>>> print(open('run16.cif').read())   # mmCIF, C-alpha atoms
data_input
#
loop_
_atom_site.label_atom_id
_atom_site.label_comp_id
_atom_site.auth_asym_id
_atom_site.auth_seq_id
_atom_site.Cartn_x
_atom_site.Cartn_y
_atom_site.Cartn_z
CA MET A 1255 65.26 38.15 -12.25
CA LYS A 1256 64.62 39.22 -15.82
CA PRO A 1257 65.71 42.73 -16.94
CA ILE A 1258 63.21 45.48 -16.17
CA ASP A 1259 61.00 46.40 -19.13
CA PRO A 1260 58.69 48.97 -17.57
CA LEU A 1261 55.15 49.41 -18.84
CA PRO A 1262 54.12 53.10 -18.98
CA ALA A 1263 51.21 54.27 -16.85
CA ARG A 1264 48.93 57.21 -17.63
CA SER A 1265 47.89 59.80 -15.08
CA MET A 1266 44.10 59.95 -14.92
CA ASP A 1267 42.12 63.20 -15.14
CA ILE A 1268 39.08 62.15 -13.08
CA PRO A 1269 36.91 65.27 -13.66
CA ALA A 1270 37.53 65.23 -17.43
CA LEU A 1271 36.66 61.54 -17.73
CA ALA A 1272 33.61 61.97 -15.49
CA ALA A 1273 32.28 64.66 -17.83
CA THR A 1274 32.15 62.25 -20.77
CA ALA A 1275 31.85 58.76 -19.23
CA GLY A 1276 28.77 56.88 -20.37
CA THR A 1277 27.72 59.50 -22.91
CA GLY A 1278 29.22 58.02 -26.08
CA GLU A 1279 29.44 54.77 -28.02
CA PRO A 1280 31.10 51.84 -26.28
CA ALA A 1281 34.84 51.61 -26.91
CA PRO A 1282 36.33 48.23 -27.82
CA PRO A 1283 38.09 46.33 -25.02
CA PRO A 1284 41.85 46.86 -24.97
CA ALA A 1285 43.81 44.40 -27.07
CA GLY A 1286 47.47 43.45 -26.78
CA THR A 1287 49.32 45.27 -24.02
CA PRO A 1288 47.01 46.30 -21.15
CA THR A 1289 46.48 49.96 -20.28
CA VAL A 1290 47.50 51.17 -16.82
CA TRP A 1291 46.20 54.29 -15.08
CA LEU A 1292 47.35 56.20 -12.00
CA ALA A 1293 44.78 57.85 -9.72
CA PRO A 1294 46.46 59.86 -6.93
CA ALA A 1295 44.55 60.41 -3.71
CA ALA A 1296 45.56 64.07 -3.69
CA VAL A 1297 42.99 64.94 -6.37
CA VAL A 1298 39.97 63.81 -4.33
CA PRO A 1299 39.54 66.84 -2.00
CA ASP A 1300 39.38 69.15 -5.04
CA LEU A 1301 36.83 67.16 -7.08
CA PRO A 1302 33.61 68.96 -8.10
CA ALA A 1303 30.79 68.73 -5.57
CA GLY A 1304 28.60 65.69 -6.06
CA LEU A 1305 30.95 63.89 -8.46
CA THR A 1306 31.82 61.10 -6.04
CA GLU A 1307 28.17 60.43 -5.20
CA SER A 1308 27.21 60.38 -8.89
CA VAL A 1309 29.84 57.76 -9.76
CA LEU A 1310 30.28 55.39 -6.81
CA SER A 1311 27.71 52.82 -5.80
CA ASP A 1312 25.90 53.22 -2.47
CA GLU A 1313 28.00 50.39 -1.04
CA GLU A 1314 31.25 52.05 -2.12
CA SER A 1315 30.17 55.41 -0.71
CA GLU A 1316 29.25 53.81 2.61
CA LYS A 1317 32.58 52.03 2.82
CA ALA A 1318 34.47 55.24 2.00
CA ALA A 1319 32.65 57.03 4.83
CA ARG A 1320 33.85 54.44 7.34
CA PHE A 1321 37.55 55.25 6.88
CA VAL A 1322 38.94 57.07 9.91
CA HIS A 1323 41.81 58.84 8.14
CA ASP A 1324 41.27 61.22 5.22
CA ARG A 1325 44.32 59.85 3.41
CA ASP A 1326 42.94 56.31 3.39
CA ARG A 1327 39.46 57.47 2.37
CA HIS A 1328 40.81 59.59 -0.48
CA THR A 1329 42.96 56.72 -1.76
CA TYR A 1330 39.98 54.36 -1.74
CA VAL A 1331 37.74 56.91 -3.48
CA ALA A 1332 40.35 57.70 -6.15
CA GLY A 1333 40.75 54.03 -7.02
CA HIS A 1334 37.05 53.23 -7.21
CA LEU A 1335 36.25 56.39 -9.15
CA ALA A 1336 38.96 55.41 -11.62
CA VAL A 1337 37.59 51.89 -12.07
CA ARG A 1338 34.00 52.99 -12.68
CA LEU A 1339 34.91 55.89 -14.97
CA LEU A 1340 37.29 53.82 -17.09
CA LEU A 1341 34.76 51.00 -17.42
CA ALA A 1342 32.00 53.50 -18.23
CA ALA A 1343 34.11 54.93 -21.04
CA ARG A 1344 34.66 51.42 -22.43
CA LEU A 1345 31.09 50.21 -22.06
CA GLY A 1346 29.16 53.37 -22.90
CA LEU A 1347 27.20 53.11 -19.62
CA PRO A 1348 26.67 55.54 -16.74
CA PRO A 1349 29.30 54.62 -14.13
CA ARG A 1350 26.80 53.89 -11.34
CA GLU A 1351 24.97 51.38 -13.57
CA ILE A 1352 28.01 49.14 -14.02
CA ASN A 1353 27.56 45.86 -12.20
CA LEU A 1354 30.76 44.81 -10.45
CA LEU A 1355 31.13 41.41 -8.81
CA ARG A 1356 33.71 38.90 -7.62
CA GLU A 1357 34.49 35.66 -9.41
CA ALA A 1358 34.93 32.38 -7.56
CA CYS A 1359 38.33 31.94 -5.90
CA PRO A 1360 40.17 29.07 -7.63
CA GLY A 1361 41.43 27.90 -4.24
CA CYS A 1362 38.25 27.68 -2.16
CA GLY A 1363 35.42 28.44 -4.57
CA LYS A 1364 34.09 31.37 -2.53
CA LEU A 1365 33.20 34.64 -4.27
CA HIS A 1366 36.31 36.64 -3.41
CA GLY A 1367 38.35 35.97 -6.56
CA ARG A 1368 39.09 38.38 -9.42
CA PRO A 1369 36.84 41.45 -9.71
CA ALA A 1370 34.71 41.38 -12.85
CA VAL A 1371 32.08 43.25 -14.84
CA ALA A 1372 28.76 41.52 -15.42
CA PRO A 1373 28.31 40.86 -18.28
CA ARG A 1374 32.03 40.88 -19.05
CA HIS A 1375 32.03 42.36 -22.58
CA GLY A 1376 35.48 40.84 -23.09
CA LEU A 1377 36.89 43.28 -20.53
CA HIS A 1378 39.06 42.51 -17.49
CA PHE A 1379 40.35 44.91 -14.86
CA SER A 1380 42.36 45.04 -11.65
CA LEU A 1381 42.70 47.68 -8.93
CA SER A 1382 45.37 48.20 -6.30
CA HIS A 1383 45.95 51.05 -3.88
CA THR A 1384 48.47 51.91 -1.25
CA ARG A 1385 49.33 55.07 0.62
CA GLU A 1386 48.25 58.05 -1.54
CA LEU A 1387 48.09 56.22 -4.88
CA ALA A 1388 45.69 53.89 -6.72
CA VAL A 1389 46.56 51.99 -9.91
CA VAL A 1390 44.02 50.50 -12.34
CA ALA A 1391 44.72 48.12 -15.23
CA LEU A 1392 42.37 47.22 -18.11
CA ALA A 1393 42.95 44.31 -20.47
CA GLY A 1394 41.19 41.98 -22.86
CA ARG A 1395 42.28 38.96 -20.79
CA PRO A 1396 42.79 38.20 -17.08
CA VAL A 1397 45.04 40.74 -15.40
CA GLY A 1398 46.35 41.62 -11.95
CA VAL A 1399 48.01 44.82 -10.74
CA ASP A 1400 49.73 45.76 -7.49
CA VAL A 1401 51.31 48.91 -6.07
CA GLU A 1402 53.15 49.17 -2.77
CA THR A 1403 55.21 51.67 -0.81
CA LEU A 1404 58.82 50.76 -0.13
CA PRO A 1405 59.11 48.77 3.12
CA ALA A 1406 61.25 49.40 6.17
CA GLU A 1407 64.07 46.99 7.04
CA PRO A 1408 62.15 45.18 9.83
CA THR A 1409 59.39 44.32 7.34
CA ILE A 1410 61.93 43.02 4.85
CA GLU A 1411 63.56 40.78 7.45
CA GLN A 1412 60.21 39.49 8.64
CA LEU A 1413 58.91 38.50 5.19
CA VAL A 1414 61.78 37.94 2.77
CA GLY A 1415 62.41 34.38 3.97
CA GLN A 1416 58.83 33.43 3.12
CA PHE A 1417 59.38 33.93 -0.62
CA HIS A 1418 60.50 31.29 -3.09
CA PRO A 1419 64.24 30.64 -2.48
CA ALA A 1420 65.20 32.31 -5.77
CA GLU A 1421 63.23 35.44 -4.84
CA THR A 1422 64.71 35.51 -1.33
CA ALA A 1423 68.22 35.24 -2.78
CA SER A 1424 67.54 38.09 -5.25
CA VAL A 1425 66.83 40.41 -2.30
CA ARG A 1426 69.49 39.22 0.15
CA VAL A 1427 72.29 39.62 -2.40
CA LEU A 1428 71.57 43.38 -2.61
CA PRO A 1429 73.42 46.01 -0.56
CA PRO A 1430 71.32 47.49 2.28
CA ALA A 1431 70.51 50.69 0.40
CA LEU A 1432 68.88 48.74 -2.44
CA ARG A 1433 67.01 46.14 -0.41
CA PRO A 1434 63.74 48.13 -0.08
CA GLN A 1435 63.52 48.49 -3.86
CA GLY A 1436 64.48 44.87 -4.43
CA PHE A 1437 62.01 43.55 -1.88
CA ALA A 1438 59.19 45.74 -3.21
CA ARG A 1439 59.90 44.54 -6.75
CA VAL A 1440 59.52 40.92 -5.69
CA TRP A 1441 56.40 41.68 -3.65
CA VAL A 1442 54.48 43.60 -6.34
CA ARG A 1443 55.28 40.98 -8.97
CA LYS A 1444 53.96 38.28 -6.65
CA GLU A 1445 50.83 40.19 -5.62
CA ALA A 1446 50.03 41.11 -9.23
CA TYR A 1447 50.32 37.47 -10.31
CA LEU A 1448 48.24 36.13 -7.42
CA LYS A 1449 45.56 38.76 -8.05
CA GLY A 1450 45.58 37.80 -11.72
CA LEU A 1451 44.99 34.18 -10.74
CA GLY A 1452 42.20 35.33 -8.44
CA ILE A 1453 43.54 33.48 -5.41
CA GLY A 1454 45.45 36.31 -3.72
CA LEU A 1455 47.43 35.45 -0.61
CA GLY A 1456 45.54 32.17 -0.28
CA ARG A 1457 48.46 30.72 -2.27
CA PRO A 1458 51.73 30.22 -0.34
CA LEU A 1459 54.31 32.94 -0.95
CA ASP A 1460 57.01 30.36 -1.72
CA ALA A 1461 54.97 28.42 -4.30
CA ASP A 1462 56.16 30.40 -7.35
CA ASP A 1463 59.51 31.67 -8.59
CA LEU A 1464 58.54 35.03 -10.07
CA THR A 1465 62.07 36.10 -10.84
CA ARG A 1466 60.92 34.84 -14.25
CA ASP A 1467 57.52 34.78 -15.94
CA PRO A 1468 55.29 31.91 -14.80
CA LEU A 1469 53.76 29.58 -17.36
CA GLY A 1470 50.90 31.27 -19.20
CA TRP A 1471 51.55 34.74 -17.77
CA SER A 1472 53.79 37.73 -18.38
CA ILE A 1473 54.75 40.15 -15.63
CA HIS A 1474 55.68 43.77 -16.30
CA GLU A 1475 57.15 46.43 -14.07
CA ILE A 1476 55.07 49.64 -14.17
CA ASP A 1477 56.84 52.91 -14.87
CA LEU A 1478 55.47 55.43 -12.36
CA GLY A 1479 57.18 58.25 -14.21
CA GLY A 1480 59.50 59.24 -11.38
CA VAL A 1481 56.59 60.97 -9.64
CA TYR A 1482 56.25 58.32 -6.92
CA PRO A 1483 59.82 57.34 -5.95
CA GLY A 1484 58.62 55.70 -2.74
CA HIS A 1485 56.36 53.29 -4.61
CA ARG A 1486 56.77 50.22 -6.80
CA ALA A 1487 54.17 48.61 -9.06
CA ALA A 1488 53.79 45.63 -11.36
CA LEU A 1489 51.23 44.05 -13.66
CA ALA A 1490 50.58 40.41 -14.54
CA VAL A 1491 48.60 39.51 -17.66
CA ALA A 1492 47.51 36.11 -18.93
CA ALA A 1493 48.90 34.88 -22.23
CA GLY A 1494 46.80 35.83 -25.25
#
>>> encode(input="run16.cif", output="structure tokens")
Amino acid sequence: MKPIDPLPARSMDIPALAATAGTGEPAPPPAGTPTVWLAPAAVVPDLPAGLTESVLSDEESEKAARFVHDRDRHTYVAGHLAVRLLLAARLGLPPREINLLREACPGCGKLHGRPAVAPRHGLHFSLSHTRELAVVALAGRPVGVDVETLPAEPTIEQLVGQFHPAETASVRVLPPALRPQGFARVWVRKEAYLKGLGIGLGRPLDADDLTRDPLGWSIHEIDLGGVYPGHRAALAVAAG
């Protein structure tokens, strides 16, 4: 696997961005290296009253209300607030007026592929969330992002053999103490790439050797700043 060249991520100030989103001129879409933002679930209980309702769509608010556990609901809300506020800042639109949709899946043609803004405005985005943390990426070309918590050994043993042989070998060669990090690195690279393609886990896990960059894509580790040692994240971006 290629040497780690981590891409920095920015911590997102949701209330500050909400105060200005959609009030100014549209910002140009990001060029070159994508921008990556962290939205921790812990900020949600302390958000100003009414902020969530003023940003999320009715459908998103209804889905958030269906979560049984506060932790899961807060993680979902943090991620979707981040997406709408970041897009609003780029597009100069009120966040609730942004039209989000799904592109066609390249595998089956159904509308569960990459998320997209309509009209696109030359802007692509990706969202991932796991326990207590959401990550959002913006780019001027197709992009996929993934964040995961480090797995337990039974999960590693159950899944590692389903990877491409080179990926499986990269995990099994590690001493036990490093296997969770090694497995999570392989997994987030794979998920980020498959999300970037828009096919997700509809593509076999052993179809691609992502110990190196696939043709037409580059994959970056995401630097979580040491704040989330139990997490791993990666980003895949299409060639310019």
>>> closest_residue(input="run16.cif", among="A:Arg1374, A:Lys1444, A:Arg1368, A:Arg1385", to="Arg1327 of chain A", atoms="only C-alpha atoms")
A:Arg1385
>>> resolve_selection(input="run16.cif", expression="the PyMOL selection byres ((chain A and resi 1392) around 7)", output="short mmCIF file (atom, residue, chain, number, x, y, z; two decimals) with C-alpha atoms, keeping the file's coordinate frame")
data_model
loop_
_atom_site.label_atom_id
_atom_site.label_comp_id
_atom_site.auth_asym_id
_atom_site.auth_seq_id
_atom_site.Cartn_x
_atom_site.Cartn_y
_atom_site.Cartn_z
CA PRO A 1284 41.85 46.86 -24.97
CA PRO A 1288 47.01 46.30 -21.15
CA THR A 1289 46.48 49.96 -20.28
CA VAL A 1290 47.50 51.17 -16.82
CA HIS A 1378 39.06 42.51 -17.49
CA PHE A 1379 40.35 44.91 -14.86
CA SER A 1380 42.36 45.04 -11.65
CA VAL A 1390 44.02 50.50 -12.34
CA ALA A 1391 44.72 48.12 -15.23
CA ALA A 1393 42.95 44.31 -20.47
#
>>> resolve_selection(input="run16.cif", expression="the PyMOL selection byres ((chain A and resi 1366) around 9)", output="count of residues only")
13
>>> residues_near_point(input="run16.cif", point="(69.0, 50.6, -2.6)", cutoff="12 Å", atoms="only C-alpha atoms", output="list in words")
Leu1404, Pro1405, Ala1406, Glu1407, Val1425, Arg1426, Val1427, Leu1428, Pro1429, Pro1430, Ala1431, Leu1432, Arg1433, Pro1434, Gln1435, Gly1436, Phe1437, Ala1438, Arg1439, Pro1483 and Gly1484 of chain A
>>> resolve_selection(input="run16.cif", expression="the PyMOL selection byres ((chain A and resi 1461-1472) around 10)", output="PDB file with C-alpha atoms, in the coordinates of the input")
ATOM      1  CA  MET A1255      65.260  38.150 -12.250  1.00  0.00           C
ATOM      2  CA  LYS A1256      64.620  39.220 -15.820  1.00  0.00           C
ATOM      3  CA  PRO A1257      65.710  42.730 -16.940  1.00  0.00           C
ATOM      4  CA  PRO A1396      42.790  38.200 -17.080  1.00  0.00           C
ATOM      5  CA  VAL A1397      45.040  40.740 -15.400  1.00  0.00           C
ATOM      6  CA  GLN A1416      58.830  33.430   3.120  1.00  0.00           C
ATOM      7  CA  PHE A1417      59.380  33.930  -0.620  1.00  0.00           C
ATOM      8  CA  HIS A1418      60.500  31.290  -3.090  1.00  0.00           C
ATOM      9  CA  PRO A1419      64.240  30.640  -2.480  1.00  0.00           C
ATOM     10  CA  ALA A1420      65.200  32.310  -5.770  1.00  0.00           C
ATOM     11  CA  GLU A1421      63.230  35.440  -4.840  1.00  0.00           C
ATOM     12  CA  THR A1422      64.710  35.510  -1.330  1.00  0.00           C
ATOM     13  CA  SER A1424      67.540  38.090  -5.250  1.00  0.00           C
ATOM     14  CA  ARG A1439      59.900  44.540  -6.750  1.00  0.00           C
ATOM     15  CA  VAL A1440      59.520  40.920  -5.690  1.00  0.00           C
ATOM     16  CA  TRP A1441      56.400  41.680  -3.650  1.00  0.00           C
ATOM     17  CA  ARG A1443      55.280  40.980  -8.970  1.00  0.00           C
ATOM     18  CA  LYS A1444      53.960  38.280  -6.650  1.00  0.00           C
ATOM     19  CA  TYR A1447      50.320  37.470 -10.310  1.00  0.00           C
ATOM     20  CA  LEU A1448      48.240  36.130  -7.420  1.00  0.00           C
ATOM     21  CA  GLY A1450      45.580  37.800 -11.720  1.00  0.00           C
ATOM     22  CA  LEU A1451      44.990  34.180 -10.740  1.00  0.00           C
ATOM     23  CA  ARG A1457      48.460  30.720  -2.270  1.00  0.00           C
ATOM     24  CA  PRO A1458      51.730  30.220  -0.340  1.00  0.00           C
ATOM     25  CA  LEU A1459      54.310  32.940  -0.950  1.00  0.00           C
ATOM     26  CA  ASP A1460      57.010  30.360  -1.720  1.00  0.00           C
ATOM     27  CA  ILE A1473      54.750  40.150 -15.630  1.00  0.00           C
ATOM     28  CA  HIS A1474      55.680  43.770 -16.300  1.00  0.00           C
ATOM     29  CA  LEU A1489      51.230  44.050 -13.660  1.00  0.00           C
ATOM     30  CA  ALA A1490      50.580  40.410 -14.540  1.00  0.00           C
ATOM     31  CA  VAL A1491      48.600  39.510 -17.660  1.00  0.00           C
ATOM     32  CA  ALA A1492      47.510  36.110 -18.930  1.00  0.00           C
ATOM     33  CA  ALA A1493      48.900  34.880 -22.230  1.00  0.00           C
ATOM     34  CA  GLY A1494      46.800  35.830 -25.250  1.00  0.00           C
TER      35      GLY A1494
END
>>> atom_distance(input="run16.cif", atom1="atom CA of Trp1291 of chain A", atom2="atom CA of Asp1267 of chain A")
9.8 Å
>>> closest_residue(input="run16.cif", among="A:Leu1310, A:Val1337, A:Cys1362, A:Leu1455", to="Met1266 of chain A", atoms="all atoms listed in the file")
A:Val1337
>>> closest_residue(input="run16.cif", among="A:Val1322, A:Leu1377, A:Ala1336, A:Ala1370", to="Ala1285 of chain A", atoms="all atoms listed in the file")
A:Leu1377
>>> closest_residue(input="run16.cif", among="A:Val1414, A:Ala1270, A:Ala1487, A:Ala1423", to="Val1442 of chain A", atoms="all atoms listed in the file")
A:Ala1487
>>> closest_residue(input="run16.cif", among="A:Glu1314, A:Asp1477, A:Asp1400, A:Glu1351", to="Ala1372 of chain A", atoms="all atoms listed in the file")
A:Glu1351
>>> residues_around(input="run16.cif", residues="His1375 of chain A", least_positions_apart="5", cutoff="9 Å", atoms="only C-alpha atoms", output="PyMOL selection string")
chain A and resi 1282-1283+1345
>>> residues_around(input="run16.cif", residues="Pro1269 of chain A", least_positions_apart="4", cutoff="8 Å", atoms="all atoms listed in the file", output="mmCIF file with C-alpha atoms, in the frame of the given file")
data_model
loop_
_atom_site.group_PDB
_atom_site.id
_atom_site.type_symbol
_atom_site.label_atom_id
_atom_site.label_comp_id
_atom_site.auth_asym_id
_atom_site.auth_seq_id
_atom_site.Cartn_x
_atom_site.Cartn_y
_atom_site.Cartn_z
ATOM 1 C CA ALA A 1273 32.280 64.660 -17.830
ATOM 2 C CA LEU A 1301 36.830 67.160 -7.080
ATOM 3 C CA PRO A 1302 33.610 68.960 -8.100
#
>>> atom_distance(input="run16.cif", atom1="atom CA of Leu1261 of chain A", atom2="atom CA of Gly1276 of chain A")
27.5 Å
>>> closest_residue(input="run16.cif", among="A:Leu1305, A:Leu1387, A:Leu1292, A:Leu1340", to="His1328 of chain A", atoms="only C-alpha atoms")
A:Leu1387
>>> residues_around(input="run16.cif", residues="Leu1347 of chain A", least_positions_apart="3", cutoff="9 Å", atoms="only C-alpha atoms", output="PyMOL selection string")
chain A and resi 1275-1280+1341-1344+1350-1352
>>> atom_distance(input="run16.cif", atom1="atom CA of Val1401 of chain A", atom2="atom CA of Ala1388 of chain A")
7.5 Å
